[in-house]
file start05.pdb (PDB, C-alpha atoms, pLDDT in the B column)
ATOM      1  CA  MET Y  30      20.202  29.178  19.672  1.00 47.00           C
ATOM      2  CA  ILE Y  31      21.365  31.945  17.292  1.00 50.00           C
ATOM      3  CA  GLY Y  32      24.843  31.326  15.954  1.00 52.00           C
ATOM      4  CA  ALA Y  33      27.810  33.580  16.575  1.00 54.00           C
ATOM      5  CA  PRO Y  34      28.226  36.606  14.292  1.00 56.00           C
ATOM      6  CA  GLY Y  35      29.607  35.549  10.951  1.00 53.00           C
ATOM      7  CA  SER Y  36      28.678  31.878  11.405  1.00 53.00           C
ATOM      8  CA  ASN Y  37      26.841  29.902   8.731  1.00 56.00           C
ATOM      9  CA  ASP Y  38      23.670  30.044  10.867  1.00 61.00           C
ATOM     10  CA  ASP Y  39      23.321  33.756  10.045  1.00 68.00           C
ATOM     11  CA  LYS Y  40      23.374  33.317   6.295  1.00 68.00           C
ATOM     12  CA  ILE Y  41      20.134  33.772   4.372  1.00 60.00           C
ATOM     13  CA  VAL Y  42      19.688  30.992   1.863  1.00 63.00           C
ATOM     14  CA  ARG Y  43      18.007  32.037  -1.352  1.00 72.00           C
ATOM     15  CA  ARG Y  44      15.283  29.555  -2.283  1.00 77.00           C
ATOM     16  CA  LYS Y  45      15.076  28.198  -5.802  1.00 87.00           C
ATOM     17  CA  LEU Y  46      12.288  29.660  -7.899  1.00 90.00           C
ATOM     18  CA  SER Y  47      11.020  26.171  -8.708  1.00 91.00           C
ATOM     19  CA  ASP Y  48      10.660  25.420  -4.974  1.00 91.00           C
ATOM     20  CA  GLN Y  49       8.584  28.560  -4.533  1.00 92.00           C
ATOM     21  CA  VAL Y  50       6.404  27.640  -7.516  1.00 94.00           C
ATOM     22  CA  LEU Y  51       5.994  24.128  -6.108  1.00 93.00           C
ATOM     23  CA  GLU Y  52       4.847  25.560  -2.770  1.00 93.00           C
ATOM     24  CA  ARG Y  53       2.254  27.736  -4.523  1.00 94.00           C
ATOM     25  CA  LEU Y  54       0.977  24.759  -6.520  1.00 95.00           C
ATOM     26  CA  HIS Y  55       0.685  22.714  -3.322  1.00 93.00           C
ATOM     27  CA  ASP Y  56      -1.386  25.548  -1.857  1.00 94.00           C
ATOM     28  CA  MET Y  57      -3.665  25.530  -4.900  1.00 94.00           C
ATOM     29  CA  ILE Y  58      -4.283  21.791  -4.487  1.00 92.00           C
ATOM     30  CA  ARG Y  59      -4.751  21.955  -0.704  1.00 91.00           C
ATOM     31  CA  SER Y  60      -7.235  24.837  -1.016  1.00 93.00           C
ATOM     32  CA  HIS Y  61      -9.147  22.923  -3.730  1.00 92.00           C
ATOM     33  CA  GLU Y  62      -8.570  25.684  -6.247  1.00 94.00           C
ATOM     34  CA  LEU Y  63      -7.302  22.707  -8.213  1.00 94.00           C
ATOM     35  CA  LYS Y  64      -9.459  19.619  -7.589  1.00 93.00           C
ATOM     36  CA  PRO Y  65      -8.931  15.956  -8.536  1.00 90.00           C
ATOM     37  CA  GLY Y  66      -9.561  15.542 -12.250  1.00 91.00           C
ATOM     38  CA  ASP Y  67      -8.964  19.216 -13.054  1.00 94.00           C
ATOM     39  CA  TYR Y  68      -6.552  20.162 -15.797  1.00 94.00           C
ATOM     40  CA  MET Y  69      -3.502  22.033 -14.588  1.00 94.00           C
ATOM     41  CA  PRO Y  70      -3.111  25.582 -15.906  1.00 94.00           C
ATOM     42  CA  SER Y  71      -0.828  25.812 -18.916  1.00 92.00           C
ATOM     43  CA  GLU Y  72       2.851  26.516 -18.442  1.00 92.00           C
ATOM     44  CA  ARG Y  73       2.313  29.983 -19.922  1.00 94.00           C
ATOM     45  CA  ALA Y  74      -0.517  30.715 -17.481  1.00 95.00           C
ATOM     46  CA  LEU Y  75       1.632  29.659 -14.529  1.00 95.00           C
ATOM     47  CA  MET Y  76       4.582  31.684 -15.788  1.00 95.00           C
ATOM     48  CA  ASP Y  77       2.377  34.785 -15.989  1.00 95.00           C
ATOM     49  CA  ARG Y  78       0.725  34.152 -12.634  1.00 95.00           C
ATOM     50  CA  PHE Y  79       3.936  33.664 -10.682  1.00 94.00           C
ATOM     51  CA  GLY Y  80       6.227  35.887 -12.741  1.00 94.00           C
ATOM     52  CA  VAL Y  81       8.812  33.184 -13.376  1.00 94.00           C
ATOM     53  CA  GLY Y  82      10.375  31.506 -16.407  1.00 93.00           C
ATOM     54  CA  ARG Y  83       9.463  28.203 -18.029  1.00 93.00           C
ATOM     55  CA  PRO Y  84      12.276  26.145 -16.382  1.00 93.00           C
ATOM     56  CA  ALA Y  85      10.984  26.923 -12.866  1.00 93.00           C
ATOM     57  CA  VAL Y  86       7.436  25.964 -13.830  1.00 94.00           C
ATOM     58  CA  ARG Y  87       8.497  22.757 -15.554  1.00 92.00           C
ATOM     59  CA  GLU Y  88      10.662  21.683 -12.619  1.00 94.00           C
ATOM     60  CA  ALA Y  89       7.801  22.306 -10.174  1.00 93.00           C
ATOM     61  CA  LEU Y  90       5.339  20.372 -12.349  1.00 93.00           C
ATOM     62  CA  GLN Y  91       7.772  17.472 -12.638  1.00 91.00           C
ATOM     63  CA  SER Y  92       8.076  17.383  -8.839  1.00 90.00           C
ATOM     64  CA  LEU Y  93       4.284  17.192  -8.522  1.00 90.00           C
ATOM     65  CA  HIS Y  94       4.263  14.356 -11.062  1.00 88.00           C
ATOM     66  CA  ASN Y  95       7.051  12.469  -9.267  1.00 81.00           C
ATOM     67  CA  ASN Y  96       5.095  12.729  -6.002  1.00 79.00           C
ATOM     68  CA  GLY Y  97       1.927  11.403  -7.604  1.00 80.00           C
ATOM     69  CA  LEU Y  98      -0.062  14.629  -7.229  1.00 87.00           C
ATOM     70  CA  ILE Y  99      -0.514  15.161 -10.959  1.00 89.00           C
ATOM     71  CA  THR Y 100      -0.141  13.070 -14.099  1.00 89.00           C
ATOM     72  CA  ILE Y 101       1.907  14.415 -16.988  1.00 88.00           C
ATOM     73  CA  SER Y 102       1.039  12.787 -20.320  1.00 81.00           C
ATOM     74  CA  HIS Y 103       2.899  13.493 -23.526  1.00 77.00           C
ATOM     75  CA  GLY Y 104       0.843  15.702 -25.797  1.00 75.00           C
ATOM     76  CA  GLU Y 105      -1.859  16.337 -23.191  1.00 81.00           C
ATOM     77  CA  ARG Y 106      -2.360  18.826 -20.384  1.00 85.00           C
ATOM     78  CA  SER Y 107      -1.442  17.638 -16.921  1.00 90.00           C
ATOM     79  CA  ARG Y 108      -4.292  16.636 -14.614  1.00 91.00           C
ATOM     80  CA  VAL Y 109      -4.641  16.639 -10.837  1.00 92.00           C
ATOM     81  CA  ASN Y 110      -4.806  13.124  -9.376  1.00 87.00           C
ATOM     82  CA  GLU Y 111      -7.213  11.772  -6.795  1.00 83.00           C
ATOM     83  CA  ILE Y 112      -5.187  11.563  -3.583  1.00 77.00           C
ATOM     84  CA  ASN Y 113      -6.071   8.756  -1.192  1.00 74.00           C
ATOM     85  CA  PRO Y 114      -4.196   6.315   1.068  1.00 73.00           C
ATOM     86  CA  ALA Y 115      -3.631   3.913  -1.830  1.00 69.00           C
ATOM     87  CA  THR Y 116      -1.911   6.526  -4.000  1.00 69.00           C
ATOM     88  CA  VAL Y 117       0.269   7.652  -1.105  1.00 67.00           C
ATOM     89  CA  LEU Y 118       1.430   4.107  -0.316  1.00 69.00           C
ATOM     90  CA  HIS Y 119       1.911   3.271  -3.987  1.00 68.00           C
ATOM     91  CA  GLN Y 120       4.466   6.049  -4.206  1.00 66.00           C
ATOM     92  CA  SER Y 121       6.607   4.188  -1.659  1.00 69.00           C
ATOM     93  CA  ASP Y 122       6.550   0.802  -3.440  1.00 66.00           C
ATOM     94  CA  GLU Y 123      10.039   0.980  -4.916  1.00 70.00           C
ATOM     95  CA  LEU Y 124      11.516   2.395  -1.725  1.00 71.00           C
ATOM     96  CA  ALA Y 125       9.860  -0.366   0.317  1.00 72.00           C
ATOM     97  CA  ARG Y 126      11.298  -3.072  -1.927  1.00 73.00           C
ATOM     98  CA  LEU Y 127      14.734  -1.490  -1.602  1.00 72.00           C
ATOM     99  CA  VAL Y 128      14.410  -1.494   2.192  1.00 75.00           C
ATOM    100  CA  LEU Y 129      13.338  -5.164   2.190  1.00 72.00           C
ATOM    101  CA  SER Y 130      16.268  -6.220   0.019  1.00 72.00           C
ATOM    102  CA  SER Y 131      18.849  -4.133   1.874  1.00 76.00           C
ATOM    103  CA  ALA Y 132      18.781  -6.154   5.110  1.00 75.00           C
ATOM    104  CA  PRO Y 133      17.397  -9.670   5.747  1.00 71.00           C
ATOM    105  CA  GLY Y 134      15.861  -8.622   9.057  1.00 79.00           C
ATOM    106  CA  ASN Y 135      13.563  -6.090   7.403  1.00 81.00           C
ATOM    107  CA  LEU Y 136      11.506  -8.793   5.704  1.00 80.00           C
ATOM    108  CA  ASP Y 137      10.941 -10.497   9.038  1.00 82.00           C
ATOM    109  CA  HIS Y 138       9.938  -7.163  10.592  1.00 84.00           C
ATOM    110  CA  LEU Y 139       7.386  -6.712   7.809  1.00 85.00           C
ATOM    111  CA  LYS Y 140       5.993 -10.214   8.319  1.00 85.00           C
ATOM    112  CA  HIS Y 141       5.650  -9.571  12.046  1.00 88.00           C
ATOM    113  CA  ALA Y 142       3.905  -6.244  11.403  1.00 89.00           C
ATOM    114  CA  ARG Y 143       1.529  -7.943   8.995  1.00 90.00           C
ATOM    115  CA  GLN Y 144       0.758 -10.638  11.569  1.00 92.00           C
ATOM    116  CA  MET Y 145      -0.198  -8.043  14.192  1.00 93.00           C
ATOM    117  CA  PHE Y 146      -2.180  -6.100  11.596  1.00 93.00           C
ATOM    118  CA  GLU Y 147      -4.175  -9.102  10.370  1.00 95.00           C
ATOM    119  CA  MET Y 148      -4.938 -10.313  13.880  1.00 96.00           C
ATOM    120  CA  GLY Y 149      -6.673  -6.980  14.389  1.00 96.00           C
ATOM    121  CA  MET Y 150      -8.437  -7.287  11.023  1.00 96.00           C
ATOM    122  CA  VAL Y 151      -9.869 -10.703  11.790  1.00 97.00           C
ATOM    123  CA  ARG Y 152     -11.219  -9.415  15.094  1.00 97.00           C
ATOM    124  CA  VAL Y 153     -13.255  -6.847  13.169  1.00 97.00           C
ATOM    125  CA  ALA Y 154     -14.296  -9.491  10.627  1.00 97.00           C
ATOM    126  CA  VAL Y 155     -15.842 -11.577  13.415  1.00 97.00           C
ATOM    127  CA  GLU Y 156     -17.929  -8.570  14.439  1.00 97.00           C
ATOM    128  CA  LYS Y 157     -18.941  -7.329  10.998  1.00 97.00           C
ATOM    129  CA  ALA Y 158     -18.979 -10.193   8.487  1.00 97.00           C
ATOM    130  CA  THR Y 159     -22.399 -10.831   6.954  1.00 97.00           C
ATOM    131  CA  ALA Y 160     -23.621 -14.139   5.539  1.00 97.00           C
ATOM    132  CA  GLU Y 161     -22.705 -12.815   2.072  1.00 97.00           C
ATOM    133  CA  ASP Y 162     -19.179 -11.948   3.253  1.00 97.00           C
ATOM    134  CA  ILE Y 163     -18.692 -15.418   4.708  1.00 97.00           C
ATOM    135  CA  ALA Y 164     -19.949 -17.006   1.484  1.00 97.00           C
ATOM    136  CA  GLU Y 165     -17.462 -14.901  -0.492  1.00 97.00           C
ATOM    137  CA  LEU Y 166     -14.602 -15.980   1.772  1.00 98.00           C
ATOM    138  CA  ARG Y 167     -15.543 -19.639   1.327  1.00 98.00           C
ATOM    139  CA  GLU Y 168     -15.720 -19.156  -2.437  1.00 97.00           C
ATOM    140  CA  LEU Y 169     -12.195 -17.715  -2.386  1.00 96.00           C
ATOM    141  CA  VAL Y 170     -10.945 -20.782  -0.495  1.00 97.00           C
ATOM    142  CA  GLU Y 171     -12.494 -23.050  -3.154  1.00 97.00           C
ATOM    143  CA  ARG Y 172     -11.099 -20.963  -5.996  1.00 96.00           C
ATOM    144  CA  GLN Y 173      -7.694 -21.207  -4.350  1.00 95.00           C
ATOM    145  CA  ARG Y 174      -8.066 -24.998  -4.136  1.00 94.00           C
ATOM    146  CA  GLU Y 175      -8.666 -25.113  -7.889  1.00 94.00           C
ATOM    147  CA  GLU Y 176      -5.262 -23.458  -8.429  1.00 91.00           C
ATOM    148  CA  LEU Y 177      -3.212 -26.098  -6.599  1.00 90.00           C
ATOM    149  CA  GLY Y 178       0.020 -26.513  -8.545  1.00 85.00           C
ATOM    150  CA  ASN Y 179      -0.105 -22.995  -9.966  1.00 87.00           C
ATOM    151  CA  ALA Y 180       1.875 -20.997  -7.390  1.00 83.00           C
ATOM    152  CA  THR Y 181       1.291 -17.553  -8.911  1.00 83.00           C
ATOM    153  CA  ALA Y 182      -2.483 -17.967  -9.295  1.00 88.00           C
ATOM    154  CA  PHE Y 183      -2.726 -19.641  -5.890  1.00 90.00           C
ATOM    155  CA  ILE Y 184      -1.057 -16.749  -4.089  1.00 86.00           C
ATOM    156  CA  SER Y 185      -3.037 -14.200  -6.098  1.00 88.00           C
ATOM    157  CA  ILE Y 186      -6.242 -15.653  -4.644  1.00 92.00           C
ATOM    158  CA  ASP Y 187      -4.533 -15.884  -1.244  1.00 91.00           C
ATOM    159  CA  MET Y 188      -4.044 -12.126  -1.430  1.00 90.00           C
ATOM    160  CA  ALA Y 189      -7.693 -11.677  -2.449  1.00 93.00           C
ATOM    161  CA  PHE Y 190      -8.743 -13.660   0.645  1.00 96.00           C
ATOM    162  CA  HIS Y 191      -6.765 -11.400   2.980  1.00 95.00           C
ATOM    163  CA  ARG Y 192      -7.908  -8.295   1.074  1.00 94.00           C
ATOM    164  CA  LYS Y 193     -11.503  -9.331   1.643  1.00 96.00           C
ATOM    165  CA  LEU Y 194     -10.821  -9.518   5.384  1.00 97.00           C
ATOM    166  CA  ALA Y 195      -9.267  -6.040   5.243  1.00 95.00           C
ATOM    167  CA  SER Y 196     -12.303  -4.666   3.397  1.00 95.00           C
ATOM    168  CA  LEU Y 197     -14.576  -5.729   6.259  1.00 96.00           C
ATOM    169  CA  CYS Y 198     -12.947  -3.068   8.439  1.00 95.00           C
ATOM    170  CA  ASP Y 199     -14.618  -0.444   6.215  1.00 94.00           C
ATOM    171  CA  ASN Y 200     -11.517   1.731   6.581  1.00 93.00           C
ATOM    172  CA  PRO Y 201      -9.670   2.858   3.418  1.00 90.00           C
ATOM    173  CA  ILE Y 202      -6.387   3.321   5.274  1.00 90.00           C
ATOM    174  CA  ILE Y 203      -6.463  -0.240   6.649  1.00 92.00           C
ATOM    175  CA  LEU Y 204      -7.336  -1.601   3.205  1.00 90.00           C
ATOM    176  CA  SER Y 205      -4.557   0.392   1.543  1.00 88.00           C
ATOM    177  CA  VAL Y 206      -1.928  -0.620   4.113  1.00 88.00           C
ATOM    178  CA  SER Y 207      -2.986  -4.264   3.745  1.00 89.00           C
ATOM    179  CA  ASP Y 208      -2.692  -4.034  -0.056  1.00 87.00           C
ATOM    180  CA  ALA Y 209       0.721  -2.425   0.236  1.00 86.00           C
ATOM    181  CA  MET Y 210       2.116  -5.049   2.602  1.00 85.00           C
ATOM    182  CA  LEU Y 211       0.775  -7.898   0.459  1.00 85.00           C
ATOM    183  CA  GLY Y 212       2.256  -6.315  -2.639  1.00 82.00           C
ATOM    184  CA  TRP Y 213       5.660  -5.904  -1.001  1.00 80.00           C
ATOM    185  CA  LEU Y 214       5.620  -9.550   0.082  1.00 79.00           C
ATOM    186  CA  PHE Y 215       4.240 -10.964  -3.171  1.00 75.00           C
ATOM    187  CA  GLU Y 216       7.510 -12.137  -4.714  1.00 64.00           C
ATOM    188  CA  TYR Y 217       8.572 -13.740  -1.425  1.00 63.00           C
ATOM    189  CA  HIS Y 218       5.216 -15.491  -0.971  1.00 59.00           C
ATOM    190  CA  VAL Y 219       5.321 -17.072  -4.421  1.00 62.00           C
ATOM    191  CA  SER Y 220       8.726 -18.539  -3.630  1.00 61.00           C
ATOM    192  CA  LEU Y 221       7.618 -19.656  -0.165  1.00 52.00           C
ATOM    193  CA  LEU Y 222       4.482 -21.498  -1.304  1.00 51.00           C
ATOM    194  CA  HIS Y 223       6.250 -23.155  -4.205  1.00 53.00           C
ATOM    195  CA  ARG Y 224       9.184 -24.392  -2.142  1.00 54.00           C
ATOM    196  CA  SER Y 225       7.490 -25.359   1.097  1.00 58.00           C
ATOM    197  CA  GLY Y 226       4.623 -27.419  -0.355  1.00 69.00           C
ATOM    198  CA  SER Y 227       2.305 -25.753   2.133  1.00 81.00           C
ATOM    199  CA  GLU Y 228      -0.682 -25.105  -0.141  1.00 86.00           C
ATOM    200  CA  GLU Y 229      -2.916 -27.729   1.509  1.00 90.00           C
ATOM    201  CA  ILE Y 230      -2.074 -26.370   4.960  1.00 90.00           C
ATOM    202  CA  THR Y 231      -2.890 -22.850   3.792  1.00 91.00           C
ATOM    203  CA  LEU Y 232      -6.291 -23.991   2.502  1.00 94.00           C
ATOM    204  CA  LEU Y 233      -7.072 -25.738   5.785  1.00 95.00           C
ATOM    205  CA  GLU Y 234      -6.049 -22.674   7.811  1.00 95.00           C
ATOM    206  CA  HIS Y 235      -8.111 -20.321   5.644  1.00 96.00           C
ATOM    207  CA  ALA Y 236     -11.138 -22.577   6.011  1.00 97.00           C
ATOM    208  CA  LYS Y 237     -10.709 -22.642   9.798  1.00 97.00           C
ATOM    209  CA  ILE Y 238     -10.467 -18.845   9.922  1.00 98.00           C
ATOM    210  CA  VAL Y 239     -13.768 -18.587   8.037  1.00 98.00           C
ATOM    211  CA  ASP Y 240     -15.352 -21.174  10.360  1.00 98.00           C
ATOM    212  CA  HIS Y 241     -14.374 -19.119  13.414  1.00 98.00           C
ATOM    213  CA  ILE Y 242     -15.662 -15.906  11.813  1.00 98.00           C
ATOM    214  CA  GLU Y 243     -18.984 -17.568  11.061  1.00 97.00           C
ATOM    215  CA  ALA Y 244     -19.177 -18.896  14.647  1.00 98.00           C
ATOM    216  CA  ARG Y 245     -18.419 -15.379  15.979  1.00 97.00           C
ATOM    217  CA  ASP Y 246     -15.525 -16.854  17.971  1.00 98.00           C
ATOM    218  CA  THR Y 247     -13.143 -13.915  18.226  1.00 97.00           C
ATOM    219  CA  ALA Y 248     -10.432 -15.607  20.288  1.00 97.00           C
ATOM    220  CA  ALA Y 249     -10.293 -18.670  18.030  1.00 98.00           C
ATOM    221  CA  ALA Y 250     -10.219 -16.567  14.841  1.00 97.00           C
ATOM    222  CA  ILE Y 251      -7.363 -14.420  16.139  1.00 97.00           C
ATOM    223  CA  GLU Y 252      -5.375 -17.443  17.303  1.00 97.00           C
ATOM    224  CA  GLU Y 253      -5.878 -19.237  13.981  1.00 96.00           C
ATOM    225  CA  MET Y 254      -4.690 -16.148  12.093  1.00 96.00           C
ATOM    226  CA  ARG Y 255      -1.658 -15.896  14.381  1.00 94.00           C
ATOM    227  CA  ARG Y 256      -0.758 -19.548  13.773  1.00 93.00           C
ATOM    228  CA  HIS Y 257      -1.385 -19.219  10.031  1.00 91.00           C
ATOM    229  CA  LEU Y 258       1.014 -16.318   9.557  1.00 89.00           C
ATOM    230  CA  GLU Y 259       3.553 -17.591  12.103  1.00 87.00           C
ATOM    231  CA  ARG Y 260       3.706 -20.942  10.330  1.00 82.00           C
ATOM    232  CA  SER Y 261       4.368 -19.183   7.019  1.00 72.00           C
ATOM    233  CA  ARG Y 262       7.075 -16.999   8.571  1.00 67.00           C
ATOM    234  CA  VAL Y 263       8.895 -19.918  10.199  1.00 65.00           C
ATOM    235  CA  ALA Y 264       8.677 -22.056   7.062  1.00 58.00           C
ATOM    236  CA  PHE Y 265      10.280 -19.259   5.061  1.00 56.00           C
ATOM    237  CA  GLU Y 266      13.097 -18.884   7.599  1.00 54.00           C
ATOM    238  CA  ARG Y 267      13.890 -22.598   7.480  1.00 47.00           C
ATOM    239  CA  GLN Y 268      14.157 -22.566   3.704  1.00 47.00           C
ATOM    240  CA  GLY Y 269      15.908 -19.199   3.393  1.00 47.00           C
TER
END

call {"tool": "encode", "arguments": {"input": "start05.pdb", "output": "C-alpha cells"}}
result
Amino acid sequence: MIGAPGSNDDKIVRRKLSDQVLERLHDMIRSHELKPGDYMPSERALMDRFGVGRPAVREALQSLHNNGLITISHGERSRVNEINPATVLHQSDELARLVLSSAPGNLDHLKHARQMFEMGMVRVAVEKATAEDIAELRELVERQREELGNATAFISIDMAFHRKLASLCDNPIILSVSDAMLGWLFEYHVSLLHRSGSEEITLLEHAKIVDHIEARDTAAAIEEMRRHLERSRVAFERQG
C-alpha cells in the first residue's frame, strides 16, 4: 500500500555509491566476466569504469572480501575466490559459534539436527559403500583406537570417520554441511569425550555401524547411528 502524501514511504532514498559499485561487481562475478582465480581490476580501472572515487571502490572491494568472494592481500592484487558450499558455510562459522553460546538450547538443537542428518547419510552409505570404502572406515576405527587417552586426536579421527560417511553421498553440499556441523561441535565434543570416559563405547559403536554397512542392513545401520549420537547427546546433558 502506498503511504499517505508526505509520509516517509514516499521519500526516495539515495543509495550509497559503494553499494552501487558492489552491485556492479556482483554482476561481473555472476556473469563470469570475473571468474574464480582471476585478478580483480585495479582500483583505478574500476574508478574509471564506474565514474566514482577511490573510497567507493575500496568500500565495495572490502565488502566482497568480508563476504568471501575475493581475497585482498597486502601488496598484491585482489583475486576472485572459488565459491562453493564449503566457502559459504565457512563464512558463517563465527556467527554459528555465537548462536551456540548465546542459548544452551541451541547446542541441543544442533545435535538433534546432526543426528537426523547422519541417519540419512548412513542410509546412503549402506547403498553406495564399496569394499575399499568399508576398509577405510575400519582403518579409521583402528586409528582412533590407537589414540585412546588423547582426547583431541581421538575426536579428530572421529570427525574423519563421520566425514568419510558424508563423502559417500557424493554431494558437495551434504559434505560441506557435515563439515560445518562437526566443526561447530568440535570444542564441545573434546570436552564430552574427555569427561564421560566414553571412548571405548564410541569405538564399539563405530565398528557396529561399519558392520551393518558391510552387511547392507539399512535399518540396523540407521538405528545404530541413532543410538550412537543419542548416547553422546544424553551423556553431555548429564555432565553439563

call {"tool": "residues_around", "arguments": {"input": "start05.pdb", "residues": "Leu166 (chain Y)", "least_positions_apart": "2", "cutoff": "8 Å", "atoms": "all atoms listed in the file", "output": "list in words"}}
result
Asp162, Ile163, Ala164, Glu168, Leu169, Val170, Phe190, Lys193 and Val239 of chain Y

call {"tool": "atom_distance", "arguments": {"input": "start05.pdb", "atom1": "CA of Ala189 (chain Y)", "atom2": "CA of Pro133 (chain Y)"}}
result
26.5 Å

call {"tool": "atom_distance", "arguments": {"input": "start05.pdb", "atom1": "CA of Glu72 (chain Y)", "atom2": "CA of Arg87 (chain Y)"}}
result
7.4 Å

call {"tool": "resolve_selection", "arguments": {"input": "start05.pdb", "expression": "the PyMOL selection byres ((chain Y and resi 240) around 12)", "output": "compact mmCIF listing (two decimals) with C-alpha atoms, in the frame of the given file"}}
result
# COMPACT_ATOMS: atom_id res chain seq x y z
CA VAL Y 151 -9.87 -10.70 11.79
CA ALA Y 154 -14.30 -9.49 10.63
CA VAL Y 155 -15.84 -11.58 13.42
CA ALA Y 158 -18.98 -10.19 8.49
CA ALA Y 160 -23.62 -14.14 5.54
CA ILE Y 163 -18.69 -15.42 4.71
CA ALA Y 164 -19.95 -17.01 1.48
CA LEU Y 166 -14.60 -15.98 1.77
CA ARG Y 167 -15.54 -19.64 1.33
CA VAL Y 170 -10.94 -20.78 -0.50
CA LEU Y 233 -7.07 -25.74 5.78
CA GLU Y 234 -6.05 -22.67 7.81
CA HIS Y 235 -8.11 -20.32 5.64
CA ALA Y 236 -11.14 -22.58 6.01
CA LYS Y 237 -10.71 -22.64 9.80
CA ILE Y 238 -10.47 -18.84 9.92
CA VAL Y 239 -13.77 -18.59 8.04
CA HIS Y 241 -14.37 -19.12 13.41
CA ILE Y 242 -15.66 -15.91 11.81
CA GLU Y 243 -18.98 -17.57 11.06
CA ALA Y 244 -19.18 -18.90 14.65
CA ARG Y 245 -18.42 -15.38 15.98
CA ASP Y 246 -15.52 -16.85 17.97
CA THR Y 247 -13.14 -13.92 18.23
CA ALA Y 249 -10.29 -18.67 18.03
CA ALA Y 250 -10.22 -16.57 14.84
CA ILE Y 251 -7.36 -14.42 16.14
CA GLU Y 253 -5.88 -19.24 13.98
CA MET Y 254 -4.69 -16.15 12.09

call {"tool": "residues_around", "arguments": {"input": "start05.pdb", "residues": "region 105-116 of chain Y", "least_positions_apart": "4", "cutoff": "9 Å", "atoms": "only C-alpha atoms", "output": "list of chain:residue names"}}
result
Y:Ile58, Y:Leu63, Y:Lys64, Y:Pro65, Y:Gly66, Y:Asp67, Y:Tyr68, Y:Met69, Y:Pro70, Y:Ser71, Y:Leu90, Y:His94, Y:Gly97, Y:Leu98, Y:Ile99, Y:Thr100, Y:Ile101, Y:Gln120, Y:Pro201, Y:Ile202, Y:Ile203, Y:Leu204, Y:Ser205, Y:Val206, Y:Asp208, Y:Ala209

call {"tool": "closest_residue", "arguments": {"input": "start05.pdb", "among": "Y:Glu161, Y:Glu156, Y:Glu228, Y:Asp199", "to": "Ile186 (chain Y)", "atoms": "only C-alpha atoms"}}
result
Y:Glu228

call {"tool": "build_atoms", "arguments": {"input": "start05.pdb", "residues": "region 172-188 of chain Y", "atoms": "N, CA and C atoms", "output": "short mmCIF file (atom, residue, chain, number, x, y, z; two decimals), in the frame of the given file"}}
result
data_model
loop_
_atom_site.label_atom_id
_atom_site.label_comp_id
_atom_site.auth_asym_id
_atom_site.auth_seq_id
_atom_site.Cartn_x
_atom_site.Cartn_y
_atom_site.Cartn_z
N ARG Y 172 -11.81 -21.41 -4.80
CA ARG Y 172 -11.10 -20.96 -6.00
C ARG Y 172 -9.60 -21.20 -5.83
N GLN Y 173 -9.11 -20.98 -4.63
CA GLN Y 173 -7.69 -21.21 -4.35
C GLN Y 173 -7.37 -22.70 -4.48
N ARG Y 174 -8.28 -23.55 -4.04
CA ARG Y 174 -8.07 -25.00 -4.14
C ARG Y 174 -7.94 -25.43 -5.60
N GLU Y 175 -8.71 -24.78 -6.47
CA GLU Y 175 -8.67 -25.11 -7.89
C GLU Y 175 -7.33 -24.75 -8.54
N GLU Y 176 -6.54 -23.90 -7.87
CA GLU Y 176 -5.26 -23.46 -8.43
C GLU Y 176 -4.07 -24.19 -7.81
N LEU Y 177 -4.32 -25.30 -7.14
CA LEU Y 177 -3.21 -26.10 -6.60
C LEU Y 177 -2.26 -26.47 -7.74
N GLY Y 178 -0.97 -26.24 -7.51
CA GLY Y 178 0.02 -26.51 -8.54
C GLY Y 178 0.38 -25.30 -9.37
N ASN Y 179 -0.40 -24.25 -9.26
CA ASN Y 179 -0.10 -23.00 -9.97
C ASN Y 179 0.21 -21.95 -8.90
N ALA Y 180 1.48 -21.81 -8.54
CA ALA Y 180 1.88 -21.00 -7.39
C ALA Y 180 1.44 -19.54 -7.54
N THR Y 181 1.61 -18.97 -8.73
CA THR Y 181 1.29 -17.55 -8.91
C THR Y 181 -0.20 -17.30 -8.76
N ALA Y 182 -1.03 -18.13 -9.40
CA ALA Y 182 -2.48 -17.97 -9.30
C ALA Y 182 -2.95 -18.26 -7.88
N PHE Y 183 -2.35 -19.27 -7.25
CA PHE Y 183 -2.73 -19.64 -5.89
C PHE Y 183 -2.52 -18.48 -4.93
N ILE Y 184 -1.35 -17.84 -5.02
CA ILE Y 184 -1.06 -16.75 -4.09
C ILE Y 184 -1.84 -15.50 -4.44
N SER Y 185 -2.21 -15.34 -5.72
CA SER Y 185 -3.04 -14.20 -6.10
C SER Y 185 -4.40 -14.28 -5.40
N ILE Y 186 -4.97 -15.48 -5.34
CA ILE Y 186 -6.24 -15.65 -4.64
C ILE Y 186 -6.03 -15.58 -3.13
N ASP Y 187 -4.89 -16.04 -2.66
CA ASP Y 187 -4.53 -15.88 -1.24
C ASP Y 187 -4.59 -14.41 -0.85
N MET Y 188 -4.02 -13.56 -1.69
CA MET Y 188 -4.04 -12.13 -1.43
C MET Y 188 -5.47 -11.59 -1.45
#
